Amino acid sequence: MPMLFLDPLRQINQRRRPFPALRPTTYYVPVVSAAKLCPECAGPLSRASGCVTCVYCGWGKCG
């Protein structure tokens with residue numbers, strides 16, 4: 001190719017910048033249960049009369 005065409009192409013290539021580092025567009029949020037779990041068996045807790053009782057193993061706490 002004649003130099004007439006190559007010089008502008010070289011100038012364009014010199015001005016090019018590499019792509020910036022890509023950032024993630026999706027962020028994952030860990031799933032956190034709003035319900036409290038039993039410290040003994042990890043079963044669901046039931047609240048009644050100011051006490052918390054485990055539905056599965058019977059563990060309880062009042063106060």
# chains A, B, ... in the order shown; residues from 1 in each chain; ligands from 1
call {"tool": "residues_around", "arguments": {"residues": "Gly50 (chain A)", "least_positions_apart": "2", "cutoff": "8 Å", "atoms": "only C-alpha atoms", "output": "MDAnalysis selection string"}}
result
chainID A and resid 47:48 52 62:63
call {"tool": "atom_distance", "arguments": {"atom1": "CA of Gly60 (chain A)", "atom2": "CA of Pro30 (chain A)"}}
result
28.2 Å
call {"tool": "residues_around", "arguments": {"residues": "Cys41 (chain A)", "least_positions_apart": "3", "cutoff": "8 Å", "atoms": "only C-alpha atoms", "output": "tab-separated table (two decimals) with C-alpha atoms, in the first residue's frame"}}
result
chain	number	residue	atom	x	y	z
A	38	CYS	CA	-33.43	-23.01	66.91
A	56	TYR	CA	-39.25	-29.65	66.36
A	57	CYS	CA	-37.18	-30.31	69.49
